[in-house]
$ cat entry11.cif   # mmCIF, C-alpha atoms
data_query
loop_
_atom_site.label_atom_id
_atom_site.label_comp_id
_atom_site.auth_asym_id
_atom_site.auth_seq_id
_atom_site.Cartn_x
_atom_site.Cartn_y
_atom_site.Cartn_z
CA MET H 113 -22.43 9.43 25.86
CA ARG H 114 -22.02 6.98 23.04
CA SER H 115 -19.46 4.23 23.57
CA ILE H 116 -18.39 1.92 20.76
CA THR H 117 -16.45 -1.27 21.35
CA LEU H 118 -15.74 -4.32 19.27
CA ASN H 119 -14.17 -7.57 20.36
CA LEU H 120 -11.07 -7.95 18.22
CA GLY H 121 -9.77 -10.86 20.25
CA LEU H 122 -10.04 -13.21 17.27
CA ILE H 123 -7.04 -12.76 15.03
CA LEU H 124 -8.16 -12.90 11.43
CA ILE H 125 -6.85 -15.65 9.14
CA THR H 126 -3.73 -16.43 11.14
CA SER H 127 -2.88 -19.77 12.63
CA PHE H 128 -0.55 -21.10 15.29
CA PRO H 129 -0.20 -24.32 17.31
CA LEU H 130 -2.26 -24.53 20.46
CA LEU H 131 0.15 -26.87 22.22
CA THR H 132 3.18 -25.51 24.02
CA GLY H 133 6.83 -26.32 23.47
CA ASN H 134 7.87 -27.98 20.23
CA ALA H 135 4.90 -30.36 20.03
CA LYS H 136 2.92 -30.40 16.80
CA SER H 137 -0.82 -29.74 16.86
CA LEU H 138 -3.78 -28.81 14.69
CA THR H 139 -3.84 -25.64 12.59
CA LEU H 140 -6.51 -23.87 10.57
CA ASN H 141 -5.91 -21.87 7.41
CA PRO H 142 -8.59 -20.09 5.39
CA ILE H 143 -9.13 -20.87 1.73
CA PHE H 144 -11.45 -19.28 -0.81
CA GLU H 145 -12.92 -22.17 -2.78
CA GLU H 146 -16.20 -20.63 -3.91
CA SER H 147 -14.82 -17.19 -4.72
CA LYS H 148 -11.22 -16.33 -5.59
CA ASN H 149 -11.37 -12.97 -3.85
CA GLY H 150 -13.81 -13.74 -1.02
CA ILE H 151 -16.64 -11.72 -2.58
CA PHE H 152 -20.05 -13.30 -3.26
CA GLU H 153 -22.84 -11.93 -5.42
CA LYS H 154 -25.67 -14.46 -5.80
CA ASP H 155 -28.54 -16.03 -3.91
CA ASN H 156 -27.85 -14.23 -0.61
CA GLU H 157 -25.31 -16.91 0.20
CA ILE H 158 -21.82 -16.60 1.60
CA HIS H 159 -19.32 -19.39 2.04
CA PHE H 160 -16.53 -19.88 4.56
CA SER H 161 -13.79 -22.48 4.15
CA PHE H 162 -10.80 -23.57 6.19
CA VAL H 163 -8.25 -26.31 5.79
CA LEU H 164 -7.71 -28.18 9.05
CA HIS H 165 -4.23 -29.67 9.30
CA ASN H 166 -3.49 -32.52 11.68
CA ASP H 167 0.27 -32.33 12.14
CA THR H 168 0.30 -34.95 14.89
CA ASN H 169 1.18 -38.61 14.44
CA LYS H 170 -2.23 -39.88 15.54
CA GLU H 171 -5.85 -39.61 14.44
CA VAL H 172 -7.78 -36.79 16.10
CA LYS H 173 -11.53 -36.51 16.68
CA VAL H 174 -12.53 -32.87 16.38
CA SER H 175 -15.78 -31.15 17.38
CA LEU H 176 -16.74 -28.28 15.03
CA PHE H 177 -19.04 -25.34 15.59
CA TRP H 178 -19.58 -22.33 13.27
CA GLN H 179 -20.79 -18.82 14.01
CA VAL H 180 -21.40 -15.98 11.54
CA HIS H 181 -21.37 -12.33 12.58
CA THR H 182 -21.80 -9.08 10.72
CA ASP H 183 -18.77 -6.80 10.61
CA GLN H 184 -20.44 -4.96 13.50
CA ASN H 185 -20.26 -8.18 15.54
CA GLU H 186 -23.96 -9.02 15.42
CA LEU H 187 -24.57 -12.79 15.48
CA ILE H 188 -26.74 -13.81 12.52
CA ASN H 189 -26.13 -17.54 12.05
CA GLN H 190 -24.65 -20.56 13.77
CA SER H 191 -24.34 -24.25 13.04
CA VAL H 192 -25.27 -27.41 14.88
CA PRO H 193 -22.11 -28.88 16.44
CA GLU H 194 -20.65 -31.82 14.54
CA LYS H 195 -17.72 -34.19 14.92
CA ILE H 196 -15.16 -35.29 12.35
CA GLU H 197 -12.09 -37.48 12.34
CA ILE H 198 -8.84 -36.41 10.76
CA SER H 199 -6.07 -38.90 10.22
CA ALA H 200 -2.50 -38.43 11.36
CA ASN H 201 -0.52 -35.95 9.24
CA LYS H 202 -3.54 -35.30 7.02
CA LYS H 203 -5.70 -32.31 6.25
CA ARG H 204 -9.38 -31.76 5.56
CA SER H 205 -11.31 -28.94 3.95
CA ILE H 206 -14.17 -27.65 6.12
CA ARG H 207 -16.86 -25.50 4.54
CA TYR H 208 -19.91 -23.63 5.80
CA THR H 209 -22.68 -21.85 3.87
CA ALA H 210 -24.79 -19.12 5.44
CA LYS H 211 -27.84 -17.29 4.18
CA ILE H 212 -27.74 -13.55 4.71
CA SER H 213 -30.18 -10.71 4.07
CA ASN H 214 -28.14 -7.64 3.16
CA PRO H 215 -25.02 -6.56 1.28
CA GLY H 216 -22.05 -6.20 3.55
CA PHE H 217 -19.11 -7.98 5.12
CA TYR H 218 -19.45 -11.02 7.34
CA LYS H 219 -17.16 -12.94 9.67
CA GLY H 220 -17.22 -16.69 9.86
CA THR H 221 -15.75 -18.17 13.04
CA LEU H 222 -14.85 -21.86 13.24
CA ASN H 223 -14.53 -23.31 16.74
CA CYS H 224 -12.61 -26.59 16.94
CA SER H 225 -12.07 -28.65 20.07
CA TRP H 226 -10.43 -31.99 20.73
CA GLY H 227 -9.52 -33.40 24.11
CA ASN H 228 -8.58 -30.43 26.26
CA GLU H 229 -7.49 -28.33 23.31
CA LYS H 230 -9.31 -25.60 21.39
CA LEU H 231 -8.67 -23.75 18.15
CA ILE H 232 -10.73 -20.75 17.00
CA ARG H 233 -10.27 -18.85 13.75
CA THR H 234 -12.22 -16.09 12.01
CA VAL H 235 -12.21 -15.07 8.36
CA GLN H 236 -14.17 -12.31 6.63
CA VAL H 237 -15.98 -12.40 3.29
CA GLY H 238 -18.13 -9.90 1.43
CA TYR H 239 -21.55 -10.03 -0.17
CA SER H 240 -22.50 -7.66 -3.00
CA PRO H 241 -20.23 -4.84 -1.79
CA LEU H 242 -21.13 -2.61 -4.76
CA SER H 243 -24.64 -2.36 -3.29
CA ILE H 244 -23.39 -0.78 -0.06
CA LEU H 245 -24.46 2.86 -0.20
CA PRO H 246 -24.59 4.52 3.22
CA PRO H 247 -26.13 7.99 3.39
CA LEU H 248 -23.87 11.01 3.23
CA THR H 249 -23.33 12.96 6.45
CA ARG H 250 -22.51 16.36 4.94
CA GLU H 251 -23.41 19.43 6.97
CA PRO H 252 -25.15 22.32 5.10
CA ASP H 253 -21.97 24.42 5.03
CA PHE H 254 -19.70 21.59 3.85
CA GLN H 255 -19.02 23.05 0.41
CA VAL H 256 -18.50 26.57 1.74
CA PHE H 257 -16.12 25.27 4.40
CA TRP H 258 -13.79 23.80 1.79
CA GLU H 259 -14.11 26.73 -0.60
CA ASN H 260 -12.98 29.01 2.22
CA ALA H 261 -10.13 26.65 3.10
CA ILE H 262 -8.86 26.83 -0.49
CA LYS H 263 -9.09 30.63 -0.39
CA ASP H 264 -7.09 30.69 2.84
CA LEU H 265 -4.45 28.46 1.28
CA LYS H 266 -4.15 30.73 -1.76
CA SER H 267 -3.50 33.68 0.52
CA VAL H 268 -0.28 32.01 1.76
CA PRO H 269 2.73 32.67 -0.54
CA PRO H 270 4.14 29.20 -1.31
CA LYS H 271 7.81 30.25 -1.41
CA PHE H 272 8.79 27.11 -3.32
CA GLN H 273 12.40 25.99 -2.92
CA LEU H 274 14.25 23.18 -4.70
CA ILE H 275 17.47 21.90 -3.19
CA HIS H 276 19.38 19.50 -5.42
CA GLN H 277 20.61 16.32 -3.75
CA PRO H 278 23.71 15.22 -5.72
CA HIS H 279 24.32 12.16 -3.54
CA LEU H 280 20.81 10.90 -4.43
CA SER H 281 21.01 11.74 -8.13
CA ASN H 282 23.40 9.08 -9.40
CA GLY H 283 20.62 6.97 -10.89
CA ASN H 284 17.97 7.72 -13.49
CA PRO H 285 16.41 10.87 -11.92
CA ASN H 286 17.75 14.04 -10.45
CA VAL H 287 16.53 14.25 -6.85
CA TYR H 288 15.59 17.45 -5.03
CA GLU H 289 14.24 18.26 -1.61
CA VAL H 290 11.27 20.60 -2.02
CA ILE H 291 10.29 23.11 0.66
CA MET H 292 7.09 25.14 0.55
CA HIS H 293 4.74 27.10 2.80
CA SER H 294 1.22 25.77 3.20
CA TYR H 295 -2.00 26.52 5.08
CA GLY H 296 -1.30 28.51 8.24
CA ASN H 297 2.17 29.32 6.86
CA VAL H 298 3.37 25.86 7.92
CA ARG H 299 6.46 24.60 6.09
CA VAL H 300 6.09 21.22 4.40
CA LYS H 301 8.54 19.23 2.34
CA GLY H 302 8.95 16.33 -0.05
CA TRP H 303 11.32 14.54 -2.38
CA TYR H 304 11.10 15.40 -6.06
CA GLU H 305 12.55 12.98 -8.62
CA VAL H 306 12.87 14.29 -12.18
CA PRO H 307 13.96 12.15 -15.15
CA LYS H 308 17.15 13.31 -16.83
CA THR H 309 15.41 13.03 -20.19
CA LYS H 310 13.61 15.95 -21.76
CA GLY H 311 10.09 16.70 -20.46
CA PRO H 312 7.41 17.56 -19.82
CA HIS H 313 6.75 14.39 -17.83
CA PRO H 314 3.70 12.89 -16.13
CA VAL H 315 3.76 12.75 -12.34
CA ILE H 316 3.01 10.30 -9.56
CA LEU H 317 2.32 12.23 -6.34
CA ARG H 318 2.85 9.87 -3.38
CA VAL H 319 1.26 10.65 0.01
CA PRO H 320 2.02 8.78 3.26
CA GLY H 321 0.22 6.52 5.66
CA TYR H 322 -0.42 7.64 9.23
CA GLY H 323 2.86 8.92 10.69
CA GLY H 324 4.78 7.73 7.61
CA ASN H 325 8.00 9.11 6.21
CA LEU H 326 8.14 9.03 2.42
CA LYS H 327 11.53 9.09 0.73
CA PRO H 328 12.77 8.93 -2.87
CA ILE H 329 12.12 5.64 -4.68
CA ASN H 330 14.46 5.99 -7.71
CA LEU H 331 12.47 3.76 -10.07
CA TYR H 332 11.42 5.63 -13.20
CA ASP H 333 13.16 7.43 -16.04
CA ASP H 334 10.04 8.73 -17.79
CA MET H 335 7.82 9.85 -14.89
CA ILE H 336 8.33 12.41 -12.16
CA VAL H 337 7.75 11.04 -8.66
CA PHE H 338 6.96 13.51 -5.89
CA SER H 339 7.08 11.78 -2.49
CA PHE H 340 5.34 14.35 -0.35
CA ASN H 341 5.17 14.50 3.45
CA PRO H 342 2.31 16.64 4.81
CA ARG H 343 2.71 18.42 8.14
CA GLY H 344 4.08 16.31 10.96
CA HIS H 345 5.30 13.57 8.61
CA GLY H 346 8.81 12.69 7.52
CA ASN H 347 10.88 15.76 6.72
CA SER H 348 7.88 18.09 7.30
CA GLN H 349 8.31 18.54 11.05
CA ASP H 350 9.91 21.99 11.27
CA ASP H 351 6.64 23.61 12.36
CA ILE H 352 4.40 20.63 13.24
CA LYS H 353 6.01 17.84 15.21
CA GLY H 354 4.96 14.35 14.27
CA THR H 355 3.79 11.45 16.32
CA PRO H 356 1.80 8.63 14.77
CA LYS H 357 -0.59 8.26 17.68
CA ASN H 358 -2.57 11.49 17.85
CA PHE H 359 -2.88 13.24 14.47
CA TRP H 360 -6.55 12.30 14.20
CA VAL H 361 -7.51 13.99 17.49
CA ARG H 362 -5.39 17.14 17.14
CA GLY H 363 -7.72 20.14 17.08
CA LEU H 364 -10.78 17.91 16.77
CA ASP H 365 -12.84 20.17 19.05
CA ASP H 366 -13.30 22.62 16.16
CA LYS H 367 -13.36 21.88 12.44
CA LYS H 368 -11.40 25.09 11.74
CA ASP H 369 -8.48 23.83 13.85
CA TYR H 370 -8.54 20.12 13.00
CA TYR H 371 -5.26 18.56 11.90
CA TYR H 372 -6.67 17.18 8.66
CA LYS H 373 -7.79 20.58 7.45
CA GLY H 374 -4.13 21.54 7.27
CA ALA H 375 -3.05 18.14 5.95
CA TYR H 376 -5.62 18.23 3.13
CA MET H 377 -4.49 21.73 2.21
CA ASP H 378 -0.84 20.60 2.27
CA CYS H 379 -1.63 18.09 -0.45
CA VAL H 380 -3.34 20.77 -2.55
CA ARG H 381 -0.24 22.92 -2.10
CA ALA H 382 1.85 19.99 -3.37
CA VAL H 383 -0.24 20.07 -6.55
CA ASP H 384 0.36 23.84 -6.73
CA PHE H 385 4.07 23.11 -6.70
CA LEU H 386 3.82 20.51 -9.46
CA CYS H 387 1.80 22.82 -11.68
CA SER H 388 4.38 25.58 -11.21
CA ARG H 389 7.08 23.46 -12.82
CA GLY H 390 7.85 23.55 -16.55
CA GLU H 391 9.06 19.92 -16.57
CA VAL H 392 5.64 18.73 -15.31
CA ASP H 393 2.85 17.75 -17.69
CA SER H 394 0.01 19.25 -15.67
CA GLU H 395 -2.54 17.21 -17.66
CA ARG H 396 -1.05 13.95 -16.35
CA ILE H 397 -0.90 14.00 -12.56
CA ALA H 398 -1.75 10.90 -10.52
CA ILE H 399 -1.93 10.65 -6.73
CA LYS H 400 -1.30 7.43 -4.84
CA GLY H 401 -1.25 6.33 -1.20
CA GLY H 402 -2.37 3.70 1.28
CA SER H 403 -4.31 3.92 4.55
CA GLN H 404 -4.09 7.60 5.53
CA GLY H 405 -2.42 8.07 2.13
CA GLY H 406 -5.50 6.53 0.54
CA GLY H 407 -7.68 9.08 2.29
CA LEU H 408 -5.34 11.90 1.32
CA SER H 409 -5.40 10.69 -2.28
CA LEU H 410 -9.19 10.81 -2.35
CA SER H 411 -9.50 14.17 -0.60
CA THR H 412 -6.91 15.75 -2.90
CA ALA H 413 -8.68 14.43 -6.00
CA ALA H 414 -11.89 15.95 -4.63
CA LEU H 415 -10.47 19.33 -3.66
CA ASP H 416 -8.16 19.79 -6.66
CA GLN H 417 -9.44 19.06 -10.14
CA ARG H 418 -5.88 19.10 -11.49
CA ILE H 419 -5.55 15.50 -10.27
CA ASP H 420 -6.07 13.22 -13.28
CA LEU H 421 -5.85 9.77 -11.65
CA CYS H 422 -6.44 8.62 -8.06
CA ILE H 423 -4.97 5.39 -6.68
CA PRO H 424 -6.00 4.77 -3.04
CA HIS H 425 -5.60 1.50 -1.22
CA ILE H 426 -7.03 0.46 2.15
CA PRO H 427 -8.18 4.09 2.53
CA PHE H 428 -8.57 5.73 5.94
CA LEU H 429 -10.65 8.90 6.51
CA THR H 430 -13.88 7.58 5.03
CA ASN H 431 -17.34 7.00 6.53
CA TRP H 432 -16.67 7.64 10.18
CA GLU H 433 -20.10 6.33 11.21
CA LEU H 434 -19.29 2.85 9.92
CA TYR H 435 -15.66 3.17 10.88
CA PHE H 436 -16.34 3.36 14.59
CA LYS H 437 -18.94 0.59 14.40
CA THR H 438 -16.60 -1.87 12.67
CA SER H 439 -13.26 -1.09 14.32
CA ASN H 440 -12.12 -0.45 17.85
CA TRP H 441 -10.11 2.65 18.85
CA PRO H 442 -10.00 3.21 22.63
CA GLU H 443 -7.96 6.36 21.97
CA MET H 444 -11.03 8.07 20.52
CA ASN H 445 -13.21 6.98 23.45
CA GLU H 446 -10.58 8.34 25.82
CA TRP H 447 -10.33 11.64 23.95
CA ILE H 448 -14.10 12.16 24.15
CA ASP H 449 -14.19 11.25 27.84
CA GLU H 450 -11.53 13.83 28.69
CA LYS H 451 -13.97 16.78 28.49
CA GLU H 452 -17.66 17.11 29.32
CA SER H 453 -18.11 19.33 26.27
CA ARG H 454 -17.23 16.43 23.97
CA SER H 455 -19.70 13.85 22.76
CA TRP H 456 -19.85 11.28 20.00
CA GLU H 457 -22.48 13.37 18.26
CA SER H 458 -20.33 16.52 18.15
CA THR H 459 -17.19 14.56 17.27
CA LEU H 460 -18.83 12.80 14.33
CA ARG H 461 -20.24 16.13 13.17
CA THR H 462 -16.73 17.61 13.05
CA LEU H 463 -15.31 14.51 11.39
CA SER H 464 -18.01 14.65 8.72
CA TYR H 465 -16.26 17.64 7.13
CA PHE H 466 -13.18 15.46 6.58
CA ASP H 467 -15.01 12.30 5.54
CA THR H 468 -13.90 11.50 2.00
CA MET H 469 -17.25 9.78 1.39
CA ASN H 470 -18.84 13.23 1.62
CA MET H 471 -16.38 14.40 -1.05
CA ALA H 472 -17.16 11.63 -3.54
CA SER H 473 -19.30 13.81 -5.80
CA MET H 474 -16.32 16.17 -6.16
CA ILE H 475 -14.05 13.44 -7.59
CA HIS H 476 -14.25 13.32 -11.38
CA CYS H 477 -11.02 11.54 -12.33
CA PRO H 478 -10.66 7.74 -12.68
CA VAL H 479 -10.08 5.87 -9.41
CA PHE H 480 -8.36 2.50 -8.85
CA MET H 481 -8.84 1.20 -5.27
CA GLY H 482 -7.20 -1.70 -3.44
CA VAL H 483 -8.95 -3.48 -0.54
CA GLY H 484 -7.61 -5.84 2.13
CA LEU H 485 -10.52 -8.14 2.91
CA GLN H 486 -9.29 -8.98 6.42
CA ASP H 487 -8.54 -5.35 7.31
CA ALA H 488 -9.64 -4.47 10.85
CA ILE H 489 -7.93 -1.05 10.77
CA CYS H 490 -9.66 0.40 7.70
CA PRO H 491 -12.52 -2.08 7.28
CA PRO H 492 -13.60 -2.96 3.72
CA VAL H 493 -17.11 -1.61 4.27
CA THR H 494 -15.65 1.88 4.69
CA ASN H 495 -13.62 1.48 1.49
CA PHE H 496 -16.77 0.70 -0.48
CA ALA H 497 -18.69 3.48 1.28
CA ILE H 498 -16.82 6.06 -0.79
CA PHE H 499 -16.20 3.86 -3.83
CA ASN H 500 -19.91 3.35 -4.42
CA HIS H 501 -20.60 7.08 -4.20
CA LEU H 502 -18.10 7.78 -7.00
CA SER H 503 -19.80 8.48 -10.31
CA GLY H 504 -16.79 8.45 -12.64
CA LYS H 505 -14.61 5.64 -14.01
CA LYS H 506 -13.50 3.33 -11.25
CA GLU H 507 -11.96 -0.07 -10.60
CA TYR H 508 -11.08 -2.05 -7.51
CA ARG H 509 -9.18 -5.16 -6.46
CA VAL H 510 -9.91 -7.16 -3.32
CA TYR H 511 -7.09 -9.17 -1.76
CA PRO H 512 -8.81 -11.87 0.30
CA TYR H 513 -5.94 -12.80 2.64
CA ALA H 514 -4.69 -9.25 3.20
CA LYS H 515 -5.16 -7.42 6.48
CA HIS H 516 -4.18 -3.74 6.51
CA SER H 517 -2.26 -4.08 3.26
CA VAL H 518 -2.50 -5.10 -0.36
CA LYS H 519 -0.29 -7.50 -2.30
CA ASP H 520 2.75 -6.11 -4.10
CA GLU H 521 0.95 -6.93 -7.31
CA PHE H 522 -1.42 -4.01 -6.67
CA HIS H 523 1.39 -1.48 -6.90
CA SER H 524 2.75 -2.82 -10.18
CA LEU H 525 -0.80 -3.18 -11.50
CA THR H 526 -1.74 0.39 -10.69
CA PHE H 527 1.51 1.83 -12.03
CA SER H 528 0.78 -0.03 -15.28
CA TRP H 529 -2.77 1.36 -15.17
CA ALA H 530 -1.41 4.90 -14.75
CA ARG H 531 1.12 4.35 -17.53
CA LYS H 532 -1.69 3.32 -19.85
CA TYR H 533 -3.63 6.50 -19.07
CA PHE H 534 -0.44 8.52 -19.47
CA ASP H 535 0.26 6.82 -22.81
CA LEU H 536 3.69 5.63 -21.69
CA SER H 537 5.58 2.53 -22.74
CA PRO H 538 4.90 -0.42 -20.38
CA ASN H 539 8.56 -1.42 -20.39
CA ASN H 540 9.88 1.06 -17.84
#
$ encode --input "entry11.cif" --output "structure tokens"
Amino acid sequence: MRSITLNLGLILITSFPLLTGNAKSLTLNPIFEESKNGIFEKDNEIHFSFVLHNDTNKEVKVSLFWQVHTDQNELINQSVPEKIEISANKKRSIRYTAKISNPGFYKGTLNCSWGNEKLIRTVQVGYSPLSILPPLTREPDFQVFWENAIKDLKSVPPKFQLIHQPHLSNGNPNVYEVIMHSYGNVRVKGWYEVPKTKGPHPVILRVPGYGGNLKPINLYDDMIVFSFNPRGHGNSQDDIKGTPKNFWVRGLDDKKDYYYKGAYMDCVRAVDFLCSRGEVDSERIAIKGGSQGGGLSLSTAALDQRIDLCIPHIPFLTNWELYFKTSNWPEMNEWIDEKESRSWESTLRTLSYFDTMNMASMIHCPVFMGVGLQDAICPPVTNFAIFNHLSGKKEYRVYPYAKHSVKDEFHSLTFSWARKYFDLSPNN
């Protein structure tokens, strides 16, 4: 049986005093001097930099030692130990250059020691990420599997319902709760915000992160916003109860019963709803989400060509092979160990049907992706695994200090990007 573990004991890019009580000490903070976004492209070189702060009232002699690992925790480089002095209440920039062989993401760990104290920090950078192109893992019946899933969805009458929410409709849009029947006759719901001005209007379809609960956002007077909760999320728990901890192993023994088959079809049904509405401009539909929502955005754009723009950030559900090599999820190990019939080989085979990387060739609309460079939950290498397989128009932004998140700027940037494609005024 395959077992995958990764030491995540080093907390990326954070800092805290090593001394107890209220005493001041030394701290390390990463900086990106050689590259604004932590991505390098030339000469097979990567650079790591920290600022070491001495917040004590005396000079400190510090021993330094660097190590560089791949994002799969393979040691590839280390320095000769050296000593420096840092004056009281001063700071020094500490930099290390490493030669590497291949495109990918690399972790630089700086070990500092002085007296009986130690301070260890790790930061991740990338080298030539647009050259990362892992092989697809599609099974021979991949396309047929999803064609049949769409057929099964179409056989379920949607029974769309709109319930006006007067108490939520005092602002720019009218707000409705939407109820519909999806794959397996499961009821799913969302919040539908319609400008009070005359349509038809473009749409932003929002999809949630793992276990999330999307609600109305009440921001726009010239775009429809549909905040949709697939099965088990938010207000879509009438038939499928939600818990954030086990969606990804529900029904995983058989691809026909896997949770994400239903969840992917729920998102397609949400597009069905939008295209049934006269106030919707069906030629201007964007989908947006982060983490699981990023994966749902990509899978929906692949399975439904009515999606015109795709805006994923820190996407989950992509390249499971790399995912389990660069992140650590004991829950999956435990699930496999529960039954003798389960193995890593069979589990990855099932997951391959839901791997958005294997759907990349089906995505034809423009894509704008956000990446958190320090993300240990949805590692950057998995983000680029699908991005590099996309053949259409695409853009990305890397946020070097971000963990499992992007800066707020990404959201305003991508809404402006969508507005440009939708030919809307930038002022709203």
$ closest_residue --input "entry11.cif" --among "H:Gly405, H:Pro328, H:Gly484, H:Gly296" --to "Tyr371 of chain H" --atoms "all atoms listed in the file"
H:Gly296
$ residues_around --input "entry11.cif" --residues "Glu194 of chain H" --least-positions-apart "5" --cutoff "10 Å" --atoms "all atoms listed in the file" --output "compact mmCIF listing (two decimals) with C-alpha atoms, in the coordinates of the input"
# COMPACT_ATOMS: atom_id res chain seq x y z
CA VAL H 174 -12.53 -32.87 16.38
CA SER H 175 -15.78 -31.15 17.38
CA LEU H 176 -16.74 -28.28 15.03
CA PHE H 177 -19.04 -25.34 15.59
CA TRP H 178 -19.58 -22.33 13.27
CA CYS H 224 -12.61 -26.59 16.94
$ resolve_selection --input "entry11.cif" --expression "the PyMOL selection byres ((chain H and resi 501-506) around 8)" --output "PDB file with C-alpha atoms, in the frame of the given file"
ATOM      1  CA  LEU H 245     -24.460   2.860  -0.200  1.00  0.00           C
ATOM      2  CA  MET H 469     -17.250   9.780   1.390  1.00  0.00           C
ATOM      3  CA  ALA H 472     -17.160  11.630  -3.540  1.00  0.00           C
ATOM      4  CA  SER H 473     -19.300  13.810  -5.800  1.00  0.00           C
ATOM      5  CA  ILE H 475     -14.050  13.440  -7.590  1.00  0.00           C
ATOM      6  CA  HIS H 476     -14.250  13.320 -11.380  1.00  0.00           C
ATOM      7  CA  CYS H 477     -11.020  11.540 -12.330  1.00  0.00           C
ATOM      8  CA  PRO H 478     -10.660   7.740 -12.680  1.00  0.00           C
ATOM      9  CA  VAL H 479     -10.080   5.870  -9.410  1.00  0.00           C
ATOM     10  CA  PHE H 480      -8.360   2.500  -8.850  1.00  0.00           C
ATOM     11  CA  MET H 481      -8.840   1.200  -5.270  1.00  0.00           C
ATOM     12  CA  ALA H 497     -18.690   3.480   1.280  1.00  0.00           C
ATOM     13  CA  ILE H 498     -16.820   6.060  -0.790  1.00  0.00           C
ATOM     14  CA  PHE H 499     -16.200   3.860  -3.830  1.00  0.00           C
ATOM     15  CA  ASN H 500     -19.910   3.350  -4.420  1.00  0.00           C
ATOM     16  CA  GLU H 507     -11.960  -0.070 -10.600  1.00  0.00           C
ATOM     17  CA  TYR H 508     -11.080  -2.050  -7.510  1.00  0.00           C
TER      18      TYR H 508
END
$ closest_atom_pairs --input "entry11.cif" --of "segment 317-405 of chain H" --to "segment 254-257 of chain H" --cutoff "12 Å" --atoms "only C-alpha atoms" --output "Markdown table"
| residue | atom | partner | partner_atom | distance |
| --- | --- | --- | --- | --- |
| H:Lys367 | CA | H:Phe257 | CA | 9.2 |
| H:Lys368 | CA | H:Phe257 | CA | 8.7 |
| H:Lys373 | CA | H:Phe257 | CA | 10.0 |
$ resolve_selection --input "entry11.cif" --expression "the PyMOL selection byres ((chain H and resi 370) around 12)" --output "ChimeraX atom specification"
/H:261,358-369,371-377,459,462-466
$ closest_residue --input "entry11.cif" --among "H:Asn325, H:Ser147, H:Thr234, H:Thr139" --to "Gly344 of chain H" --atoms "all atoms listed in the file"
H:Asn325
$ resolve_selection --input "entry11.cif" --expression "the PyMOL selection byres ((chain H and resi 169) around 8)" --output "compact mmCIF listing (two decimals) with C-alpha atoms, keeping the file's coordinate frame"
# COMPACT_ATOMS: atom_id res chain seq x y z
CA ASP H 167 0.27 -32.33 12.14
CA THR H 168 0.30 -34.95 14.89
CA LYS H 170 -2.23 -39.88 15.54
CA GLU H 171 -5.85 -39.61 14.44
CA ALA H 200 -2.50 -38.43 11.36
CA ASN H 201 -0.52 -35.95 9.24
$ atom_distance --input "entry11.cif" --atom1 "atom CA of Glu145 of chain H" --atom2 "atom CA of Arg204 of chain H"
13.2 Å
$ residues_around --input "entry11.cif" --residues "Asp535 of chain H" --least-positions-apart "6" --cutoff "10 Å" --atoms "all atoms listed in the file" --output "NGL selection string"
:H and (314 or 396 or 529)
$ residues_around --input "entry11.cif" --residues "Arg509 of chain H" --least-positions-apart "2" --cutoff "7 Å" --atoms "all atoms listed in the file" --output "PyMOL selection string"
chain H and resi 481-483+511
$ axis_aligned_box --input "entry11.cif" --around "segment 499-505 of chain H" --padding-each-side "8 Å" --output "AutoDock Vina command-line options"
--center_x -17.6 --center_y 5.9 --center_z -8.9 --size_x 22.0 --size_y 21.1 --size_z 26.2
